[in-house]
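The structure file run-v3.txt is reproduced below (compact mmCIF, C-alpha atoms).
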# COMPACT_ATOMS: atom_id res chain seq x y z
CA MET A 1 -41.63 -46.58 -49.65
CA PHE A 2 -42.66 -43.06 -48.65
CA GLU A 3 -45.66 -42.84 -50.97
CA GLY A 4 -46.67 -39.20 -51.35
CA PHE A 5 -43.33 -37.92 -50.02
CA GLU A 6 -40.98 -35.68 -51.96
CA ALA A 7 -37.23 -36.24 -52.10
CA GLY A 8 -34.52 -33.69 -52.70
CA ARG A 9 -31.10 -32.43 -51.77
CA VAL A 10 -30.07 -29.39 -49.71
CA ARG A 11 -26.60 -27.84 -49.72
CA THR A 12 -25.40 -26.93 -46.24
CA ASP A 13 -22.12 -25.66 -44.82
CA GLY A 14 -19.76 -28.40 -45.95
CA ALA A 15 -22.31 -31.04 -46.92
CA SER A 16 -25.00 -32.07 -49.37
CA ILE A 17 -27.98 -33.60 -47.55
CA PHE A 18 -30.51 -35.97 -49.11
CA VAL A 19 -33.94 -35.54 -47.53
CA ARG A 20 -37.44 -36.98 -47.79
CA HIS A 21 -40.44 -34.95 -46.63
CA GLY A 22 -44.22 -35.27 -46.75
CA GLY A 23 -47.48 -34.48 -45.01
CA GLU A 24 -49.09 -31.34 -43.72
CA GLY A 25 -49.06 -29.89 -40.24
CA PRO A 26 -46.45 -29.23 -37.55
CA PRO A 27 -43.00 -30.40 -38.68
CA VAL A 28 -41.35 -33.46 -37.15
CA VAL A 29 -37.78 -34.48 -37.98
CA LEU A 30 -36.67 -38.13 -37.72
CA LEU A 31 -32.92 -38.83 -37.46
CA HIS A 32 -31.69 -42.37 -38.12
CA GLY A 33 -28.77 -44.21 -36.56
CA HIS A 34 -25.83 -46.37 -37.70
CA PRO A 35 -25.64 -47.95 -40.22
CA ARG A 36 -29.11 -47.09 -41.49
CA THR A 37 -30.39 -44.35 -43.80
CA SER A 38 -33.55 -42.26 -43.66
CA ALA A 39 -35.34 -45.23 -45.21
CA THR A 40 -35.37 -46.92 -41.79
CA TRP A 41 -38.38 -44.67 -41.01
CA HIS A 42 -40.45 -45.94 -43.96
CA ARG A 43 -43.05 -47.58 -41.70
CA VAL A 44 -43.14 -44.84 -39.06
CA ALA A 45 -43.23 -41.73 -41.27
CA PRO A 46 -46.60 -42.48 -42.97
CA LEU A 47 -48.21 -43.14 -39.57
CA LEU A 48 -47.08 -39.72 -38.34
CA VAL A 49 -48.37 -38.10 -41.53
CA ARG A 50 -51.75 -39.65 -40.76
CA ARG A 51 -51.55 -38.09 -37.30
CA GLY A 52 -51.37 -34.67 -38.97
CA PHE A 53 -47.63 -33.93 -39.06
CA THR A 54 -45.22 -32.86 -41.75
CA VAL A 55 -42.46 -35.47 -41.54
CA VAL A 56 -38.87 -34.78 -42.59
CA CYS A 57 -36.35 -37.63 -42.85
CA PRO A 58 -32.79 -36.67 -43.83
CA ASP A 59 -29.81 -38.94 -44.38
CA LEU A 60 -27.25 -37.81 -41.81
CA ARG A 61 -24.07 -36.20 -43.13
CA GLY A 62 -22.11 -38.85 -45.02
CA TYR A 63 -24.72 -41.59 -44.54
CA GLY A 64 -26.90 -42.96 -47.32
CA ARG A 65 -27.11 -40.46 -50.18
CA SER A 66 -25.83 -37.48 -48.17
CA ARG A 67 -22.25 -36.37 -48.63
CA GLY A 68 -19.90 -34.65 -46.21
CA PRO A 69 -16.46 -33.08 -46.40
CA ALA A 70 -13.13 -34.86 -46.63
CA PRO A 71 -12.08 -36.13 -43.18
CA THR A 72 -9.64 -34.07 -41.13
CA PRO A 73 -7.44 -35.09 -38.19
CA ASP A 74 -9.74 -33.39 -35.66
CA HIS A 75 -12.87 -35.06 -37.15
CA ALA A 76 -14.72 -31.71 -36.88
CA GLY A 77 -16.42 -32.19 -40.23
CA TYR A 78 -18.40 -35.09 -38.75
CA ALA A 79 -18.92 -33.71 -35.25
CA LYS A 80 -22.51 -33.76 -34.02
CA ARG A 81 -22.37 -29.96 -33.97
CA ALA A 82 -21.83 -29.93 -37.75
CA VAL A 83 -24.52 -32.55 -38.34
CA ALA A 84 -26.99 -30.63 -36.16
CA GLY A 85 -26.26 -27.56 -38.25
CA ASP A 86 -27.19 -29.56 -41.36
CA VAL A 87 -30.59 -30.38 -39.88
CA VAL A 88 -31.34 -26.74 -39.09
CA ALA A 89 -30.30 -25.71 -42.62
CA VAL A 90 -32.44 -28.42 -44.22
CA LEU A 91 -35.52 -27.44 -42.24
CA ARG A 92 -35.07 -23.77 -43.05
CA ALA A 93 -34.73 -24.63 -46.74
CA LEU A 94 -38.07 -26.43 -46.44
CA GLY A 95 -39.64 -23.40 -44.76
CA HIS A 96 -39.58 -24.52 -41.09
CA GLU A 97 -37.98 -22.41 -38.39
CA ARG A 98 -39.17 -24.54 -35.44
CA PHE A 99 -39.81 -28.27 -35.26
CA ALA A 100 -40.10 -31.38 -33.11
CA LEU A 101 -37.24 -33.85 -33.29
CA ALA A 102 -36.55 -37.55 -32.77
CA GLY A 103 -33.13 -39.21 -32.90
CA HIS A 104 -32.40 -42.93 -32.80
CA ASP A 105 -29.01 -44.49 -31.97
CA ARG A 106 -26.34 -42.16 -33.49
CA GLY A 107 -29.12 -39.75 -34.36
CA GLY A 108 -29.70 -39.33 -30.61
CA PRO A 109 -26.47 -37.42 -29.88
CA VAL A 110 -27.22 -35.28 -32.94
CA ALA A 111 -30.64 -34.48 -31.45
CA LEU A 112 -29.00 -33.66 -28.11
CA ARG A 113 -26.50 -31.33 -29.77
CA LEU A 114 -29.23 -29.65 -31.81
CA ALA A 115 -31.41 -29.05 -28.75
CA LEU A 116 -28.45 -27.59 -26.81
CA ASP A 117 -26.99 -25.49 -29.64
CA HIS A 118 -30.29 -24.32 -31.16
CA PRO A 119 -32.83 -24.28 -28.31
CA GLY A 120 -35.10 -21.82 -30.08
CA VAL A 121 -35.83 -24.16 -32.98
CA VAL A 122 -36.65 -27.42 -31.11
CA SER A 123 -40.13 -27.63 -29.61
CA ARG A 124 -39.83 -31.22 -28.31
CA VAL A 125 -37.18 -33.91 -28.56
CA ALA A 126 -37.43 -37.71 -28.44
CA LEU A 127 -34.24 -39.66 -27.70
CA ILE A 128 -34.44 -43.31 -28.74
CA ASP A 129 -31.99 -46.09 -27.79
CA CYS A 130 -29.26 -43.64 -26.85
CA LEU A 131 -27.45 -41.73 -24.14
CA PRO A 132 -25.11 -38.75 -24.40
CA LEU A 133 -21.81 -40.07 -25.71
CA SER A 134 -19.96 -38.79 -22.67
CA GLU A 135 -22.30 -40.75 -20.40
CA HIS A 136 -21.40 -43.97 -22.20
CA LEU A 137 -17.71 -43.19 -21.99
CA SER A 138 -17.80 -42.28 -18.30
CA ARG A 139 -19.36 -45.69 -17.55
CA ILE A 140 -16.93 -47.93 -19.43
CA THR A 141 -16.71 -51.43 -17.95
CA ALA A 142 -15.33 -54.68 -19.30
CA GLU A 143 -18.89 -55.65 -20.22
CA PHE A 144 -19.43 -52.40 -22.14
CA ALA A 145 -16.09 -52.73 -23.94
CA THR A 146 -16.87 -56.33 -24.87
CA ARG A 147 -20.36 -55.65 -26.20
CA TRP A 148 -19.62 -52.27 -27.79
CA TRP A 149 -16.09 -53.02 -28.99
CA HIS A 150 -16.91 -51.63 -32.42
CA TRP A 151 -16.82 -48.07 -31.00
CA PHE A 152 -13.10 -48.45 -30.33
CA PHE A 153 -12.36 -50.44 -33.46
CA PHE A 154 -14.01 -47.78 -35.63
CA ALA A 155 -11.83 -45.13 -33.98
CA GLN A 156 -8.62 -46.69 -35.32
CA PRO A 157 -7.06 -45.00 -38.37
CA ASP A 158 -7.44 -46.71 -41.77
CA VAL A 159 -7.76 -50.30 -40.57
CA PRO A 160 -11.58 -50.36 -40.21
CA GLU A 161 -12.03 -49.09 -43.78
CA ARG A 162 -9.88 -51.92 -45.13
CA VAL A 163 -11.64 -54.57 -43.07
CA ILE A 164 -15.21 -53.43 -43.80
CA ASN A 165 -14.77 -52.62 -47.49
CA ALA A 166 -13.19 -56.03 -48.12
CA ASP A 167 -16.61 -57.63 -47.55
CA PRO A 168 -19.30 -55.13 -46.54
CA ASP A 169 -22.13 -57.63 -46.98
CA SER A 170 -20.63 -59.85 -44.28
CA TRP A 171 -19.85 -56.92 -41.98
CA TYR A 172 -23.26 -55.24 -42.23
CA ARG A 173 -26.05 -57.78 -42.00
CA GLY A 174 -29.75 -57.16 -42.37
CA ASP A 175 -32.87 -59.16 -43.18
CA PRO A 176 -34.92 -57.79 -46.10
CA GLU A 177 -38.13 -59.23 -44.69
CA THR A 178 -37.67 -57.51 -41.33
CA MET A 179 -36.33 -54.27 -42.78
CA GLY A 180 -38.61 -54.15 -45.82
CA ARG A 181 -37.14 -54.97 -49.20
CA GLU A 182 -36.81 -51.41 -50.51
CA ASN A 183 -35.30 -50.20 -47.24
CA HIS A 184 -32.89 -53.12 -47.28
CA ALA A 185 -31.87 -52.46 -50.89
CA GLU A 186 -31.20 -48.76 -50.21
CA TRP A 187 -29.22 -49.60 -47.07
CA ARG A 188 -27.20 -52.26 -48.90
CA ARG A 189 -26.25 -49.81 -51.66
CA ALA A 190 -25.01 -47.41 -49.00
CA THR A 191 -22.96 -49.96 -47.08
CA ARG A 192 -21.23 -51.04 -50.30
CA ASP A 193 -20.05 -47.47 -50.95
CA PRO A 194 -16.56 -46.82 -49.48
CA ARG A 195 -17.38 -43.10 -49.18
CA VAL A 196 -20.30 -43.91 -46.90
CA VAL A 197 -18.27 -46.37 -44.85
CA ARG A 198 -15.56 -43.74 -44.32
CA ALA A 199 -18.13 -41.14 -43.23
CA MET A 200 -19.79 -43.56 -40.81
CA LEU A 201 -16.42 -44.28 -39.24
CA GLU A 202 -15.74 -40.55 -38.97
CA ASP A 203 -19.01 -40.26 -37.03
CA TYR A 204 -17.59 -42.65 -34.42
CA ARG A 205 -14.15 -41.04 -34.43
CA ALA A 206 -15.76 -37.68 -33.75
CA GLY A 207 -17.81 -39.29 -30.98
CA LEU A 208 -14.75 -40.34 -29.00
CA THR A 209 -12.94 -37.01 -29.45
CA ILE A 210 -14.52 -33.69 -30.37
CA ASP A 211 -18.10 -34.70 -29.47
CA ARG A 212 -17.01 -35.89 -26.05
CA ARG A 213 -15.25 -32.58 -25.42
CA HIS A 214 -18.33 -30.62 -26.48
CA GLU A 215 -20.56 -32.60 -24.12
CA GLU A 216 -18.14 -32.31 -21.21
CA ALA A 217 -18.04 -28.54 -21.75
CA ASP A 218 -21.85 -28.50 -21.65
CA ARG A 219 -21.89 -30.39 -18.37
CA ALA A 220 -19.31 -28.07 -16.84
CA ALA A 221 -21.38 -25.05 -17.93
CA GLY A 222 -24.64 -26.55 -16.62
CA ALA A 223 -26.27 -26.59 -20.07
CA ARG A 224 -29.51 -28.60 -20.26
CA ILE A 225 -32.29 -29.29 -22.76
CA ARG A 226 -35.08 -26.86 -21.93
CA CYS A 227 -37.87 -28.27 -24.10
CA PRO A 228 -39.82 -31.42 -23.10
CA ALA A 229 -37.90 -34.64 -23.74
CA LEU A 230 -39.14 -38.20 -24.28
CA VAL A 231 -36.74 -41.12 -23.72
CA LEU A 232 -37.58 -44.43 -25.40
CA TRP A 233 -35.57 -47.63 -25.47
CA SER A 234 -35.85 -51.11 -26.97
CA GLU A 235 -36.47 -53.65 -24.24
CA ARG A 236 -34.74 -56.42 -26.21
CA ASP A 237 -31.59 -54.31 -26.59
CA ASP A 238 -29.00 -53.78 -23.83
CA LEU A 239 -29.29 -50.08 -22.90
CA GLU A 240 -31.33 -50.66 -19.74
CA GLU A 241 -29.35 -53.79 -18.86
CA LEU A 242 -26.03 -51.92 -18.98
CA TYR A 243 -27.06 -48.66 -17.33
CA GLY A 244 -30.31 -49.08 -15.43
CA ASP A 245 -33.08 -46.55 -15.98
CA PRO A 246 -32.18 -44.40 -19.03
CA VAL A 247 -34.64 -41.70 -17.90
CA ALA A 248 -32.62 -41.16 -14.72
CA ILE A 249 -29.47 -40.53 -16.76
CA TRP A 250 -31.21 -38.16 -19.15
CA ARG A 251 -32.51 -36.12 -16.20
CA ARG A 252 -28.93 -34.89 -15.82
CA TRP A 253 -29.28 -33.35 -19.28
CA ALA A 254 -32.88 -32.13 -19.53
CA VAL A 255 -35.29 -30.31 -17.25
CA ASP A 256 -38.48 -32.13 -18.34
CA VAL A 257 -38.01 -35.85 -19.06
CA ARG A 258 -40.33 -38.82 -19.28
CA GLY A 259 -39.92 -42.20 -20.95
CA HIS A 260 -40.59 -45.92 -21.24
CA GLY A 261 -39.41 -49.05 -22.99
CA ILE A 262 -40.82 -50.59 -26.17
CA ASP A 263 -40.97 -54.33 -26.79
CA SER A 264 -38.52 -54.46 -29.69
CA GLY A 265 -34.99 -55.14 -30.78
CA HIS A 266 -32.61 -52.29 -31.49
CA HIS A 267 -34.01 -51.21 -34.87
CA VAL A 268 -37.34 -50.21 -33.39
CA ALA A 269 -38.56 -48.17 -36.37
CA GLU A 270 -38.49 -51.36 -38.44
CA GLN A 271 -39.50 -53.87 -35.77
CA ALA A 272 -42.19 -52.00 -33.79
CA PRO A 273 -43.26 -49.08 -36.00
CA GLY A 274 -46.82 -48.88 -34.72
CA GLU A 275 -45.87 -48.59 -31.06
CA LEU A 276 -43.06 -46.16 -31.84
CA ALA A 277 -45.24 -43.96 -34.03
CA ALA A 278 -47.96 -43.90 -31.37
CA ALA A 279 -45.49 -42.84 -28.67
CA LEU A 280 -43.96 -40.14 -30.86
CA GLY A 281 -47.31 -38.93 -32.17
CA ASP A 282 -48.81 -38.58 -28.70
CA PHE A 283 -45.74 -36.76 -27.40
CA PHE A 284 -45.45 -34.37 -30.32
CA ALA A 285 -49.20 -33.68 -30.36
CA GLU A 286 -48.97 -32.28 -26.84
CA ALA A 287 -47.14 -29.28 -28.30
CA GLY A 288 -50.32 -28.36 -30.14
Written as structure tokens, how would this file's structure read?
Amino acid sequence: MFEGFEAGRVRTDGASIFVRHGGEGPPVVLLHGHPRTSATWHRVAPLLVRRGFTVVCPDLRGYGRSRGPAPTPDHAGYAKRAVAGDVVAVLRALGHERFALAGHDRGGPVALRLALDHPGVVSRVALIDCLPLSEHLSRITAEFATRWWHWFFFAQPDVPERVINADPDSWYRGDPETMGRENHAEWRRATRDPRVVRAMLEDYRAGLTIDRRHEEADRAAGARIRCPALVLWSERDDLEELYGDPVAIWRRWAVDVRGHGIDSGHHVAEQAPGELAAALGDFFAEAG
């Protein structure tokens, strides 16, 4: 995986972030979702390098080989604001003050927070298979709670750790042929690590508490993403089925939004890398 890429570690405020980076040209940052690592981009990243971009793929705080702080009752150490700060610090350590950004799944709310908190550093943002967390929570129905029950299970204290760590291979399932064997092996090592499991749960606990409050404060203040935004979703996932047109929802949060679906299941970077890379490459290339 990631032939020609370099790998390293950057110390940030409260975390140690593992990052892969390669290529030459305008920088593009790819943020993975739960329960993946940066390796989920192993088919997309080389295609973007060929398009003439520098591609940066970090493991989010606590995921994969990155490490975060000990959890606290307010979950602030795993708030999207803290994770967004990691991304800015990593890019500055690599010599980039401004960059394009894509976030998938849990990486999407991180991308939203980064674009709102650090508007001067984000040239364009792509939001993949995600909505603002507060938009999900304001639309809770029995169908949502049934399909996305894990959000509320993960928020419980202590119990999810005991359940998941008792048999992580049964809890987290993935196909090495679909994922790619090296990606699958890296992901499996991460999911077997109780430190990673705890951090991933803290991500969700923050999402239902401090992250929701941050987003609601943004809405009350009229904050919006000012750079161009691209919304993409997997047509064989349930985002559009649950909420209708995701672009319409994101227009509440950004001034310049476009988007479309991709024929894929949820893990689009692994299942439809060519179509995803083409959509991202075309969008990011418009920035010159």
Neighbour list for range 97-105 of chain A as number ranges by chain, cut-off 6 Å, all atoms listed in the file, skip fewer than 3 positions in-chain: A: 27-33, 92, 108, 111, 121-130
So which one's closest to Arg188 in chain A, A:Thr37, A:Thr12, A:Thr146, A:Ser264? Using only C-alpha atoms, please.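 Checking each candidate against Arg188 in chain A, we get A:Thr37 as the closest.
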Considering only C-alpha atoms, tabulate each residue of range 28-116 of chain A that lies at most 12 Å from range 169-175 of chain A along with its nearest interatomic pair and the corresponding distance in Å to one decimal; arrange the rows by chain and ascending residue number and present them as a Markdown table.
| residue | atom | partner | partner_atom | distance |
| --- | --- | --- | --- | --- |
| A:His34 | CA | A:Tyr172 | CA | 10.3 |
| A:Pro35 | CA | A:Tyr172 | CA | 7.9 |
| A:Arg36 | CA | A:Tyr172 | CA | 10.1 |
| A:Thr40 | CA | A:Gly174 | CA | 11.7 |
All residues 10 Å or closer to Glu6 in chain A, only C-alpha atoms, same chain fewer than 6 positions away omitted, as a VMD selection string: chain A and resid 19 to 23 56
What separates CA of Pro132 in chain A and CA of Pro109 in chain A is a distance of 5.8 Å
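Here CA of Ile225 in chain A stands at a distance of 28.5 Å from CA of Arg50 in chain A.
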Straight-line distance linking CA of Ser234 in chain A with CA of Ser138 in chain A, stated in Å to one decimal: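 Spanning CA of Ser234 in chain A to CA of Ser138 in chain A is a straight-line distance of 21.9 Å.
The shortest atom-to-atom distance to Leu232 in chain A, with all atoms listed in the file taken into account, belongs to A:Gly261 out of A:Asp256, A:Gly244, A:Gly261, A:Ile210.
Ranking A:Pro168, A:Val49, A:Gly64, A:Cys57 by their shortest atom-to-atom distance to Glu186 in chain A, with all atoms listed in the file included, puts A:Gly64 first.
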Just add N, CA and C atoms to range 76-91 of chain A and send it as a PDB file, in the coordinates of the input.
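New file out_12.pdb:
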ATOM      1  N   ALA A  76     -13.692 -32.747 -37.086  1.00  0.00           N
ATOM      2  CA  ALA A  76     -14.720 -31.710 -36.880  1.00  0.00           C
ATOM      3  C   ALA A  76     -15.790 -31.724 -37.956  1.00  0.00           C
ATOM      4  N   GLY A  77     -15.440 -32.159 -39.163  1.00  0.00           N
ATOM      5  CA  GLY A  77     -16.420 -32.190 -40.230  1.00  0.00           C
ATOM      6  C   GLY A  77     -17.546 -33.165 -40.001  1.00  0.00           C
ATOM      7  N   TYR A  78     -17.366 -34.110 -39.070  1.00  0.00           N
ATOM      8  CA  TYR A  78     -18.400 -35.090 -38.750  1.00  0.00           C
ATOM      9  C   TYR A  78     -18.824 -35.016 -37.282  1.00  0.00           C
ATOM     10  N   ALA A  79     -18.469 -33.923 -36.624  1.00  0.00           N
ATOM     11  CA  ALA A  79     -18.920 -33.710 -35.250  1.00  0.00           C
ATOM     12  C   ALA A  79     -20.440 -33.542 -35.237  1.00  0.00           C
ATOM     13  N   LYS A  80     -21.054 -33.901 -34.123  1.00  0.00           N
ATOM     14  CA  LYS A  80     -22.510 -33.760 -34.020  1.00  0.00           C
ATOM     15  C   LYS A  80     -22.938 -32.304 -34.154  1.00  0.00           C
ATOM     16  N   ARG A  81     -22.057 -31.378 -33.792  1.00  0.00           N
ATOM     17  CA  ARG A  81     -22.370 -29.960 -33.970  1.00  0.00           C
ATOM     18  C   ARG A  81     -22.551 -29.629 -35.453  1.00  0.00           C
ATOM     19  N   ALA A  82     -21.698 -30.162 -36.310  1.00  0.00           N
ATOM     20  CA  ALA A  82     -21.830 -29.930 -37.750  1.00  0.00           C
ATOM     21  C   ALA A  82     -23.081 -30.601 -38.296  1.00  0.00           C
ATOM     22  N   VAL A  83     -23.351 -31.822 -37.847  1.00  0.00           N
ATOM     23  CA  VAL A  83     -24.520 -32.550 -38.340  1.00  0.00           C
ATOM     24  C   VAL A  83     -25.813 -31.862 -37.878  1.00  0.00           C
ATOM     25  N   ALA A  84     -25.832 -31.380 -36.638  1.00  0.00           N
ATOM     26  CA  ALA A  84     -26.990 -30.630 -36.160  1.00  0.00           C
ATOM     27  C   ALA A  84     -27.215 -29.386 -37.000  1.00  0.00           C
ATOM     28  N   GLY A  85     -26.135 -28.722 -37.381  1.00  0.00           N
ATOM     29  CA  GLY A  85     -26.260 -27.560 -38.250  1.00  0.00           C
ATOM     30  C   GLY A  85     -26.880 -27.911 -39.592  1.00  0.00           C
ATOM     31  N   ASP A  86     -26.548 -29.099 -40.126  1.00  0.00           N
ATOM     32  CA  ASP A  86     -27.190 -29.560 -41.360  1.00  0.00           C
ATOM     33  C   ASP A  86     -28.707 -29.629 -41.206  1.00  0.00           C
ATOM     34  N   VAL A  87     -29.149 -30.197 -40.087  1.00  0.00           N
ATOM     35  CA  VAL A  87     -30.590 -30.380 -39.880  1.00  0.00           C
ATOM     36  C   VAL A  87     -31.300 -29.030 -39.848  1.00  0.00           C
ATOM     37  N   VAL A  88     -30.741 -28.073 -39.141  1.00  0.00           N
ATOM     38  CA  VAL A  88     -31.340 -26.740 -39.090  1.00  0.00           C
ATOM     39  C   VAL A  88     -31.408 -26.136 -40.493  1.00  0.00           C
ATOM     40  N   ALA A  89     -30.324 -26.265 -41.264  1.00  0.00           N
ATOM     41  CA  ALA A  89     -30.300 -25.710 -42.620  1.00  0.00           C
ATOM     42  C   ALA A  89     -31.330 -26.375 -43.520  1.00  0.00           C
ATOM     43  N   VAL A  90     -31.466 -27.696 -43.409  1.00  0.00           N
ATOM     44  CA  VAL A  90     -32.440 -28.420 -44.220  1.00  0.00           C
ATOM     45  C   VAL A  90     -33.863 -27.953 -43.896  1.00  0.00           C
ATOM     46  N   LEU A  91     -34.166 -27.840 -42.614  1.00  0.00           N
ATOM     47  CA  LEU A  91     -35.520 -27.440 -42.240  1.00  0.00           C
ATOM     48  C   LEU A  91     -35.818 -26.018 -42.669  1.00  0.00           C
TER      49      LEU A  91
END
